[in-house]
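Trainee: Got query_33.txt for you, compact mmCIF, C-alpha atoms and all ligand atoms:
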```
# COMPACT_ATOMS: atom_id res chain seq x y z
CA MET A 1 0.00 0.00 0.00
CA GLU A 2 1.18 3.53 -0.81
CA THR A 3 2.24 5.75 2.08
CA ILE A 4 1.01 9.33 2.12
CA ALA A 5 2.81 12.06 4.07
CA PHE A 6 0.52 14.91 5.08
CA ILE A 7 2.06 18.21 6.22
CA GLY A 8 -0.10 21.03 7.65
CA LEU A 9 -2.99 19.81 9.79
CA GLY A 10 -4.90 23.07 10.27
CA ASN A 11 -8.55 23.85 9.57
CA MET A 12 -8.36 22.28 6.11
CA GLY A 13 -5.46 19.81 6.33
CA GLY A 14 -6.77 18.07 9.48
CA PRO A 15 -10.10 16.93 8.01
CA MET A 16 -8.52 16.19 4.62
CA ALA A 17 -5.99 13.84 6.22
CA LEU A 18 -8.80 12.25 8.21
CA ASN A 19 -10.63 11.42 4.98
CA LEU A 20 -7.52 9.63 3.68
CA LEU A 21 -7.44 7.59 6.87
CA ASN A 22 -11.17 6.87 6.55
CA ALA A 23 -10.38 5.49 3.07
CA LYS A 24 -8.02 3.03 4.82
CA LEU A 25 -4.87 4.57 3.36
CA SER A 26 -1.54 4.58 5.18
CA VAL A 27 -0.94 8.17 6.36
CA LYS A 28 1.97 9.85 8.17
CA VAL A 29 1.32 13.36 9.50
CA TYR A 30 3.27 16.39 10.71
CA ASP A 31 2.42 19.92 11.85
CA LEU A 32 4.45 22.50 13.76
CA VAL A 33 1.63 22.44 16.32
CA ASP A 34 1.85 18.99 17.98
CA SER A 35 -1.70 18.94 19.34
CA LEU A 36 -3.22 19.05 15.83
CA ALA A 37 -1.99 15.50 15.17
CA LYS A 38 -3.90 13.98 18.10
CA PRO A 39 -7.27 13.29 16.35
CA LEU A 40 -5.37 11.84 13.39
CA ALA A 41 -3.28 9.59 15.62
CA ASP A 42 -6.55 8.36 17.15
CA ALA A 43 -7.74 7.53 13.62
CA GLY A 44 -4.60 5.51 12.85
CA ALA A 45 -2.07 8.01 11.45
CA THR A 46 1.64 7.75 12.20
CA VAL A 47 2.65 11.01 13.86
CA CYS A 48 6.12 12.32 12.99
CA GLN A 49 8.21 14.80 14.94
CA ASP A 50 9.86 16.59 12.03
CA LEU A 51 9.55 17.27 8.31
CA GLN A 52 12.31 14.92 7.28
CA SER A 53 10.88 11.84 8.98
CA VAL A 54 7.37 12.43 7.63
CA VAL A 55 8.54 12.21 3.99
CA GLU A 56 10.85 9.24 4.55
CA ASP A 57 9.53 6.32 2.45
CA ALA A 58 6.46 8.30 1.41
CA ASP A 59 5.07 7.69 -2.09
CA VAL A 60 2.91 10.81 -2.00
CA VAL A 61 3.56 14.05 -0.08
CA ILE A 62 0.66 16.46 0.47
CA THR A 63 1.08 19.98 1.88
CA MET A 64 -1.74 22.22 3.15
CA LEU A 65 0.13 25.31 4.38
CA PRO A 66 -0.80 28.97 4.86
CA ALA A 67 1.04 30.74 2.01
CA GLY A 68 3.73 30.63 -0.69
CA GLU A 69 6.57 31.46 1.69
CA HIS A 70 5.76 28.38 3.80
CA VAL A 71 5.57 26.10 0.77
CA ARG A 72 8.88 27.40 -0.61
CA ALA A 73 10.57 27.08 2.79
CA VAL A 74 9.33 23.50 3.29
CA TYR A 75 10.35 22.17 -0.14
CA LEU A 76 13.26 24.40 -1.15
CA GLY A 77 14.65 25.23 2.30
CA SER A 78 15.85 28.44 3.84
CA SER A 79 19.23 29.94 4.73
CA ASP A 80 19.55 27.69 7.80
CA ARG A 81 17.82 24.51 6.60
CA GLN A 82 17.81 22.23 3.56
CA GLY A 83 14.50 21.80 1.79
CA LEU A 84 12.47 18.60 1.73
CA LEU A 85 13.17 18.00 -1.97
CA THR A 86 16.60 16.70 -0.98
CA HIS A 87 14.92 14.07 1.24
CA ILE A 88 12.08 12.97 -1.05
CA LYS A 89 12.82 9.91 -3.19
CA GLN A 90 12.62 9.91 -7.00
CA GLY A 91 9.22 9.03 -8.44
CA THR A 92 7.33 10.44 -5.44
CA LEU A 93 4.31 12.62 -6.15
CA ILE A 94 4.04 15.99 -4.38
CA ILE A 95 0.58 17.56 -4.17
CA ASP A 96 0.51 21.08 -2.79
CA SER A 97 -3.08 22.02 -1.95
CA SER A 98 -2.27 25.34 -0.25
CA THR A 99 -3.51 28.50 -1.98
CA ILE A 100 -0.34 30.27 -3.09
CA ASP A 101 1.01 32.41 -5.93
CA PRO A 102 1.47 30.50 -9.22
CA GLU A 103 5.13 31.56 -9.36
CA SER A 104 5.99 29.74 -6.11
CA ALA A 105 4.14 26.67 -7.41
CA ARG A 106 6.21 26.74 -10.61
CA LEU A 107 9.44 27.27 -8.65
CA VAL A 108 8.80 24.20 -6.48
CA GLY A 109 7.39 22.22 -9.43
CA ASP A 110 10.45 22.85 -11.61
CA ALA A 111 12.87 22.00 -8.79
CA ALA A 112 10.93 18.78 -8.13
CA GLN A 113 10.97 17.81 -11.80
CA GLU A 114 14.77 18.28 -11.94
CA ARG A 115 15.01 15.62 -9.23
CA GLY A 116 12.63 13.18 -10.93
CA ILE A 117 9.81 14.00 -8.50
CA TYR A 118 6.24 14.55 -9.77
CA PHE A 119 4.49 17.77 -8.73
CA ALA A 120 0.90 19.00 -8.86
CA ASP A 121 -0.44 22.27 -7.48
CA ALA A 122 -3.96 21.43 -6.35
CA PRO A 123 -5.64 24.26 -4.43
CA VAL A 124 -9.18 23.66 -3.25
CA SER A 125 -12.56 25.28 -3.21
CA GLY A 126 -15.24 24.23 -0.74
CA GLY A 127 -13.90 25.45 2.61
CA VAL A 128 -13.78 23.61 5.91
CA ALA A 129 -17.24 22.09 5.38
CA GLY A 130 -16.08 20.61 2.05
CA ALA A 131 -12.86 19.35 3.64
CA LYS A 132 -14.84 17.57 6.37
CA ALA A 133 -17.41 16.11 3.99
CA GLY A 134 -14.78 15.04 1.44
CA THR A 135 -16.53 17.10 -1.24
CA LEU A 136 -13.79 19.60 -2.08
CA THR A 137 -13.18 20.84 -5.61
CA PHE A 138 -9.52 20.44 -6.61
CA ILE A 139 -8.13 22.72 -9.32
CA VAL A 140 -4.98 20.98 -10.48
CA GLY A 141 -1.93 22.22 -12.36
CA GLY A 142 0.78 19.88 -13.62
CA SER A 143 1.73 17.43 -16.37
CA ASP A 144 -0.84 14.86 -17.54
CA GLU A 145 1.10 12.19 -15.62
CA SER A 146 1.16 14.20 -12.38
CA PHE A 147 -2.56 14.94 -12.78
CA HIS A 148 -3.51 11.29 -13.30
CA LYS A 149 -1.41 10.20 -10.31
CA ALA A 150 -2.86 13.01 -8.16
CA GLN A 151 -6.44 12.08 -9.12
CA GLN A 152 -6.04 8.68 -7.43
CA VAL A 153 -5.38 10.37 -4.09
CA LEU A 154 -7.55 13.48 -4.42
CA GLN A 155 -10.68 11.40 -5.10
CA HIS A 156 -10.68 10.46 -1.40
CA MET A 157 -10.92 14.12 -0.36
CA GLY A 158 -12.97 15.73 -3.08
CA LYS A 159 -15.83 15.43 -5.52
CA ASN A 160 -14.73 17.51 -8.51
CA ILE A 161 -11.17 17.34 -9.80
CA PHE A 162 -10.20 19.64 -12.68
CA HIS A 163 -7.00 19.68 -14.72
CA ALA A 164 -6.46 23.40 -15.34
CA GLY A 165 -3.20 23.10 -17.33
CA PRO A 166 0.55 22.95 -16.64
CA THR A 167 2.17 23.61 -13.23
CA GLY A 168 0.86 26.82 -11.66
CA SER A 169 -2.46 26.67 -13.55
CA GLY A 170 -4.28 25.19 -10.56
CA GLN A 171 -3.33 28.23 -8.51
CA MET A 172 -4.31 30.56 -11.34
CA GLY A 173 -7.72 28.90 -11.67
CA LYS A 174 -8.31 29.19 -7.93
CA ILE A 175 -7.20 32.85 -7.91
CA CYS A 176 -9.63 33.72 -10.74
CA ASN A 177 -12.49 31.95 -8.96
CA ASN A 178 -11.87 33.74 -5.67
CA LEU A 179 -11.44 37.11 -7.35
CA MET A 180 -14.92 36.63 -8.78
CA LEU A 181 -16.26 35.36 -5.46
CA GLY A 182 -14.93 38.45 -3.62
CA ILE A 183 -16.54 40.74 -6.19
CA LEU A 184 -19.84 38.82 -6.08
CA MET A 185 -19.95 38.94 -2.30
CA THR A 186 -19.27 42.69 -2.11
CA GLY A 187 -21.94 43.32 -4.77
CA THR A 188 -24.44 41.14 -2.98
CA CYS A 189 -23.82 42.91 0.36
CA GLU A 190 -24.16 46.27 -1.37
CA ALA A 191 -27.46 45.46 -3.13
CA LEU A 192 -29.03 43.92 -0.02
CA ASN A 193 -28.03 46.86 2.14
CA LEU A 194 -29.36 49.35 -0.42
CA GLY A 195 -32.69 47.53 -0.39
CA ILE A 196 -32.88 47.47 3.42
CA ASP A 197 -32.00 51.19 3.63
CA ASN A 198 -34.93 51.81 1.31
CA GLY A 199 -37.48 49.80 3.25
CA LEU A 200 -37.25 46.38 1.62
CA ASP A 201 -37.36 43.13 3.57
CA PRO A 202 -34.02 41.33 2.92
CA LYS A 203 -35.78 37.94 2.62
CA VAL A 204 -38.19 39.28 0.01
CA LEU A 205 -35.41 41.12 -1.83
CA SER A 206 -33.21 38.00 -1.79
CA ASN A 207 -36.04 35.97 -3.33
CA ILE A 208 -36.62 38.61 -5.99
CA MET A 209 -32.94 38.68 -6.96
CA LEU A 210 -32.70 34.90 -6.85
CA GLN A 211 -35.39 34.68 -9.53
CA SER A 212 -33.95 37.62 -11.49
CA SER A 213 -30.73 38.46 -13.27
CA GLY A 214 -28.87 39.32 -10.06
CA ARG A 215 -28.85 35.65 -9.05
CA ASN A 216 -25.45 34.43 -7.88
CA TRP A 217 -23.72 31.88 -5.63
CA ALA A 218 -23.72 34.14 -2.53
CA LEU A 219 -27.48 34.70 -2.79
CA GLU A 220 -28.17 31.05 -3.51
CA LEU A 221 -26.10 29.41 -0.81
CA TYR A 222 -24.41 31.98 1.40
CA ASN A 223 -26.68 34.99 1.98
CA PRO A 224 -24.63 37.62 3.91
CA CYS A 225 -27.63 39.18 5.68
CA PRO A 226 -28.31 37.64 9.13
CA GLY A 227 -31.62 35.80 9.39
CA VAL A 228 -32.24 35.33 5.68
CA MET A 229 -30.69 31.89 5.37
CA GLU A 230 -30.73 29.68 8.45
CA ASN A 231 -27.56 27.68 7.70
CA ALA A 232 -25.40 30.52 6.39
CA PRO A 233 -22.55 31.86 8.60
CA ALA A 234 -24.41 35.23 8.61
CA SER A 235 -27.11 33.66 10.80
CA ASN A 236 -24.47 32.38 13.23
CA ARG A 237 -22.53 35.59 13.94
CA TYR A 238 -20.47 34.95 10.81
CA GLN A 239 -18.92 31.76 12.16
CA PRO A 240 -17.56 29.38 11.08
CA GLY A 241 -16.73 29.82 7.42
CA PHE A 242 -14.15 31.24 5.07
CA MET A 243 -12.34 33.91 7.06
CA SER A 244 -12.15 37.50 5.80
CA LYS A 245 -8.36 37.37 6.14
CA LEU A 246 -8.22 34.47 3.67
CA MET A 247 -10.39 36.36 1.20
CA LEU A 248 -8.04 39.33 1.55
CA LYS A 249 -5.08 37.04 0.90
CA ASP A 250 -6.70 35.51 -2.21
CA LEU A 251 -7.69 38.91 -3.64
CA GLY A 252 -4.10 40.03 -3.04
CA LEU A 253 -2.89 37.02 -5.05
CA GLY A 254 -5.28 38.08 -7.82
CA LEU A 255 -3.83 41.58 -7.89
CA GLU A 256 -0.26 40.25 -7.89
CA ALA A 257 -1.05 37.99 -10.83
CA ALA A 258 -2.75 40.87 -12.66
CA THR A 259 0.29 43.08 -12.15
CA LYS A 260 2.51 40.42 -13.69
CA SER A 261 0.24 39.84 -16.71
CA GLN A 262 -0.62 43.56 -16.97
CA SER A 263 -4.32 42.70 -16.74
CA SER A 264 -6.92 45.19 -15.53
CA VAL A 265 -8.76 44.11 -12.39
CA PRO A 266 -10.49 47.29 -11.14
CA MET A 267 -13.34 45.40 -9.48
CA GLY A 268 -10.95 42.97 -7.80
CA ALA A 269 -8.83 45.88 -6.54
CA LEU A 270 -11.91 47.55 -5.05
CA ALA A 271 -13.01 44.31 -3.40
CA ARG A 272 -9.49 43.81 -1.99
CA ASN A 273 -9.49 47.29 -0.50
CA LEU A 274 -12.93 46.79 1.03
CA TYR A 275 -11.71 43.59 2.70
CA ALA A 276 -8.53 45.35 3.87
CA LEU A 277 -10.62 48.05 5.58
CA HIS A 278 -13.06 45.49 6.98
CA ASN A 279 -10.21 43.41 8.40
CA MET A 280 -8.56 46.47 9.92
CA GLN A 281 -11.74 46.95 11.94
CA GLY A 282 -11.08 43.64 13.69
CA ASN A 283 -13.12 41.31 11.47
CA GLU A 284 -10.40 39.17 9.97
CA GLU A 285 -11.43 36.00 11.78
CA LEU A 286 -15.09 36.37 10.78
CA ASP A 287 -16.53 34.72 7.70
CA PHE A 288 -16.04 36.79 4.54
CA SER A 289 -19.80 37.43 4.23
CA SER A 290 -19.42 39.64 7.35
CA LEU A 291 -18.51 42.39 4.86
CA PHE A 292 -22.27 43.00 4.93
CA GLU A 293 -21.74 44.74 8.28
CA PHE A 294 -19.28 47.11 6.66
CA TYR A 295 -22.14 48.49 4.55
CA GLN A 296 -24.69 48.79 7.30
CA SER A 297 -25.55 52.19 8.69
CA LYS A 298 -25.76 52.38 12.49
CA ALA A 299 -29.56 52.57 12.30
CA ASN A 300 -29.71 49.12 10.68
CA LYS A 301 -27.31 47.32 12.97
P1 LIG B 401 -4.42 26.89 8.96
O1 LIG B 401 -3.63 28.06 9.38
O2 LIG B 401 -5.56 26.44 9.80
O3 LIG B 401 -3.43 25.62 8.78
C1 LIG B 401 -2.13 25.69 8.28
C2 LIG B 401 -1.27 24.74 9.10
O4 LIG B 401 0.05 24.69 8.56
C3 LIG B 401 -1.12 25.18 10.56
O5 LIG B 401 -1.61 24.16 11.41
C4 LIG B 401 0.39 25.40 10.73
O6 LIG B 401 0.87 25.04 12.00
C5 LIG B 401 0.94 24.48 9.65
N1 LIG B 401 2.30 24.82 9.24
C6 LIG B 401 2.80 26.03 8.87
N2 LIG B 401 4.10 25.91 8.54
C7 LIG B 401 4.44 24.61 8.71
C8 LIG B 401 5.63 23.84 8.54
N3 LIG B 401 6.77 24.41 8.15
N4 LIG B 401 5.60 22.53 8.81
C9 LIG B 401 4.46 21.94 9.22
N5 LIG B 401 3.30 22.59 9.41
C10 LIG B 401 3.28 23.90 9.15
O7 LIG B 401 -4.89 27.19 7.47
P2 LIG B 401 -6.09 26.48 6.65
O8 LIG B 401 -7.36 27.22 6.88
O9 LIG B 401 -6.03 25.01 6.90
O10 LIG B 401 -5.63 26.80 5.16
C11 LIG B 401 -4.57 26.12 4.53
C12 LIG B 401 -4.51 26.57 3.09
O11 LIG B 401 -5.75 26.29 2.44
C13 LIG B 401 -4.25 28.07 2.92
O12 LIG B 401 -3.40 28.27 1.84
C14 LIG B 401 -5.64 28.64 2.65
O13 LIG B 401 -5.61 29.82 1.87
C15 LIG B 401 -6.28 27.48 1.86
N6 LIG B 401 -7.74 27.42 1.93
C16 LIG B 401 -8.38 27.57 3.13
C17 LIG B 401 -9.77 27.51 3.16
C18 LIG B 401 -10.52 27.68 4.46
O14 LIG B 401 -11.75 27.83 4.42
N7 LIG B 401 -9.86 27.64 5.61
C19 LIG B 401 -10.49 27.29 1.98
C20 LIG B 401 -9.81 27.10 0.78
C21 LIG B 401 -8.42 27.17 0.77
```
Could you write out this structure as structure tokens?

Mentor:
Amino acid sequence: METIAFIGLGNMGGPMALNLLNAKLSVKVYDLVDSLAKPLADAGATVCQDLQSVVEDADVVITMLPAGEHVRAVYLGSSDRQGLLTHIKQGTLIIDSSTIDPESARLVGDAAQERGIYFADAPVSGGVAGAKAGTLTFIVGGSDESFHKAQQVLQHMGKNIFHAGPTGSGQMGKICNNLMLGILMTGTCEALNLGIDNGLDPKVLSNIMLQSSGRNWALELYNPCPGVMENAPASNRYQPGFMSKLMLKDLGLGLEAATKSQSSVPMGALARNLYALHNMQGNEELDFSSLFEFYQSKANK
């Protein structure tokens, strides 16, 4: 049986690794925070004490880390430490599911390829709920061979697996999606708040827009106005969910990519700035739909 090394057991990585264990796969785990490994150890994972031992003898290495700098440091090393690529055996498949800049993905992917190691960038959509339910969407970049190998593992953690193109394309696909999501959410908050300020009932207005041309994902599944949708984070004090700080990070990645390709992203830039202001007001841990509160006048709060 193949051995999978899983590095980064946070909000997303923890439940993803658990799904691999539930599929009866052999899983070794590591996180800088020891306590995060406990539920996985209980489910049968081998807990390792450092990065090097977790990749030893692994056939597949998965990382679910905060940002590009962490992914680069883990695989390529830093001034005081060698990177994991020097410890991973030839023929191993690396899947990086963190959301990072495409350039970092290509940097690690190229270095892996030089050593005869397969690489796929495979960021996810679906949030913590999708990670727990095993219904994530994976947006994969890499060679056809890396993609086909990655599919075998990703199927245990997700429902939809897309091949976006060569290395880095997975990250680019994810960045485009979240740029649109950020814009859609700000627009939805804005329209709902305008309606409320002018005497409309948000439930009635939401229904009208759902059956009209303003229909979108946020209105359908994630209404940002408290009380409109029972199961949405908005009706639970904007918790849990996809944190505003992560939306800010993803919109920032969109702007970085646009600068490099000299693309115009005026709406994305506006959405990023709105999230920056919202986060500065102490909302970074709240779900990203909490931007609705940013629009609300005191009288409505
Ligand atoms: P998190 O902060 O909860 O988890 C990251 C984990 O990585 C932490 O437990 C941290 O200790 C660990 N870590 C950092 N450096 C490490 C190292 N050198 N060695 C071992 N472990 C290390 O973050 P998360 O919410 O799980 O998100 C992970 C990635 O997934 C991010 O890139 C994020 O943008 C992306 N993402 C998150 C969501 C979400 O809803 N949370 C949704 C989609 C994508």

Trainee: Taking only C-alpha atoms into account, name the residue in A:Ala232, A:Ile7, A:Ile95, A:Val124 that is nearest to Gln151 in chain A.

Mentor: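 Going through A:Ala232, A:Ile7, A:Ile95, A:Val124 one by one, the smallest distance to Gln151 in chain A is for A:Ile95.
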
Trainee: Where's the centre, and what are the edge lengths in Å to one decimal, of a box along x, y and z enclosing all listed atoms of range 201-204 of chain A padded 3 Å per side, as JSON?

Mentor:
```
{"center_x": -36.1, "center_y": 40.5, "center_z": 1.8, "size_x": 10.2, "size_y": 11.2, "size_z": 9.6}
```

Trainee: All residues within 6 Å of ligand LIG 401 (chain B) are required, counting all atoms listed in the file; please report them as a PyMOL selection string.

Mentor: chain A and resi 7-13+30-33+64-67+70+74+98-99+124-125+127-128+242+246

Trainee: Which neighbours of Ala150 in chain A fall inside 9 Å, counting all atoms listed in the file, when residues of the same chain fewer than 2 positions from it are skipped, and could you give them as a list of chain:residue names?

Mentor: A:Val60, A:Leu93, A:Ile94, A:Ile95, A:Phe119, A:Ala120, A:Ala122, A:Val140, A:Glu145, A:Ser146, A:Phe147, A:His148, A:Gln152, A:Val153, A:Leu154, A:Gln155

Trainee: My list of candidates is A:Arg72, A:Arg272, A:His87, A:Lys38. Which is closest to Ala105 in chain A when distances are computed with all atoms listed in the file?

Mentor: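 Of A:Arg72, A:Arg272, A:His87, A:Lys38, the one nearest Ala105 in chain A, counting all atoms listed in the file, is A:Arg72.
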
Trainee: Provide the CA of Ala45 in chain A to CA of Asp96 in chain A distance in Å, to one decimal place.

Mentor: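 These two atoms are separated by 19.5 Å.
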
Trainee: Between A:Asp42, A:Ala112, A:Thr259, A:Tyr295, which residue has the minimum interatomic distance to Ala191 in chain A, considering all atoms listed in the file?

Mentor: A:Tyr295

Trainee: Of the candidates A:Leu200, A:Leu248, A:Leu253, A:Ala111, which one gets nearest to Ile175 in chain A if we count all atoms listed in the file?

Mentor: A:Leu253

Trainee: Here is a test: counting only C-alpha atoms, which residue of A:Ser97, A:Thr3, A:Asn279, A:Gln262 is nearest to Val54 in chain A?

Mentor: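 Answer, going by the shortest atom-to-atom distance: A:Thr3.
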
Trainee: Measure the distance from CA of Asp250 in chain A to CA of Thr186 in chain A in Å and round it to one decimal.

Mentor: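 Spanning CA of Asp250 in chain A to CA of Thr186 in chain A is a straight-line distance of 14.5 Å.
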
Trainee: Go ahead and compute the interatomic distance for CA of Lys28 in chain A and CA of Ser78 in chain A, in Å to one decimal.

Mentor: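 CA of Ser78 in chain A lies 23.6 Å from CA of Lys28 in chain A.
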
Trainee: Which residues are close to Asn177 in chain A, i.e. within 12 Å by all atoms listed in the file, leaving aside same-chain residues fewer than 6 positions away? Reply as a list in words.

Mentor: Thr99, Pro123, Val124, Ser125, Gly126, Thr137, Ile139, Gly170, Gln171, Ile183, Leu184, Trp217, Met247, Asp250, Leu251, Leu253, Gly254 and Gly268 of chain A

Trainee: Since we have the selection now, will you write its residues out, keeping C-alpha atoms, as a compact mmCIF listing (two decimals), in the frame of the given file?

Mentor:
```
# COMPACT_ATOMS: atom_id res chain seq x y z
CA THR A 99 -3.51 28.50 -1.98
CA PRO A 123 -5.64 24.26 -4.43
CA VAL A 124 -9.18 23.66 -3.25
CA SER A 125 -12.56 25.28 -3.21
CA GLY A 126 -15.24 24.23 -0.74
CA THR A 137 -13.18 20.84 -5.61
CA ILE A 139 -8.13 22.72 -9.32
CA GLY A 170 -4.28 25.19 -10.56
CA GLN A 171 -3.33 28.23 -8.51
CA ILE A 183 -16.54 40.74 -6.19
CA LEU A 184 -19.84 38.82 -6.08
CA TRP A 217 -23.72 31.88 -5.63
CA MET A 247 -10.39 36.36 1.20
CA ASP A 250 -6.70 35.51 -2.21
CA LEU A 251 -7.69 38.91 -3.64
CA LEU A 253 -2.89 37.02 -5.05
CA GLY A 254 -5.28 38.08 -7.82
CA GLY A 268 -10.95 42.97 -7.80
```

Trainee: Of the candidates A:Met209, A:Met172, A:Ala58, A:Ala164, which shows the shortest atom-to-atom distance to Ala257 in chain A, using only C-alpha atoms?

Mentor: A:Met172

Trainee: Residues within 10 Å of (16.7, 18.8, -4.2), file coordinates, counting all atoms listed in the file: what are they? Give the list as a ChimeraX atom specification.

Mentor: /A:75-77,82-89,108,111-117

Trainee: Find the spatial neighbours of Leu291 in chain A, counting all atoms listed in the file, within a cut-off of 8 Å - ignore same-chain residues fewer than 3 positions away - and output them as a PyMOL selection string.

Mentor: chain A and resi 186+189+224+275+278+288+294-295

Trainee: I want to know what sits within 12 Å of range 20-23 of chain A, based on only C-alpha atoms, with residues of the same chain fewer than 3 positions away left out; could you give that as a ChimeraX atom specification?

Mentor: /A:2-6,13-17,26-29,39-46,60,62,131-134,152-158
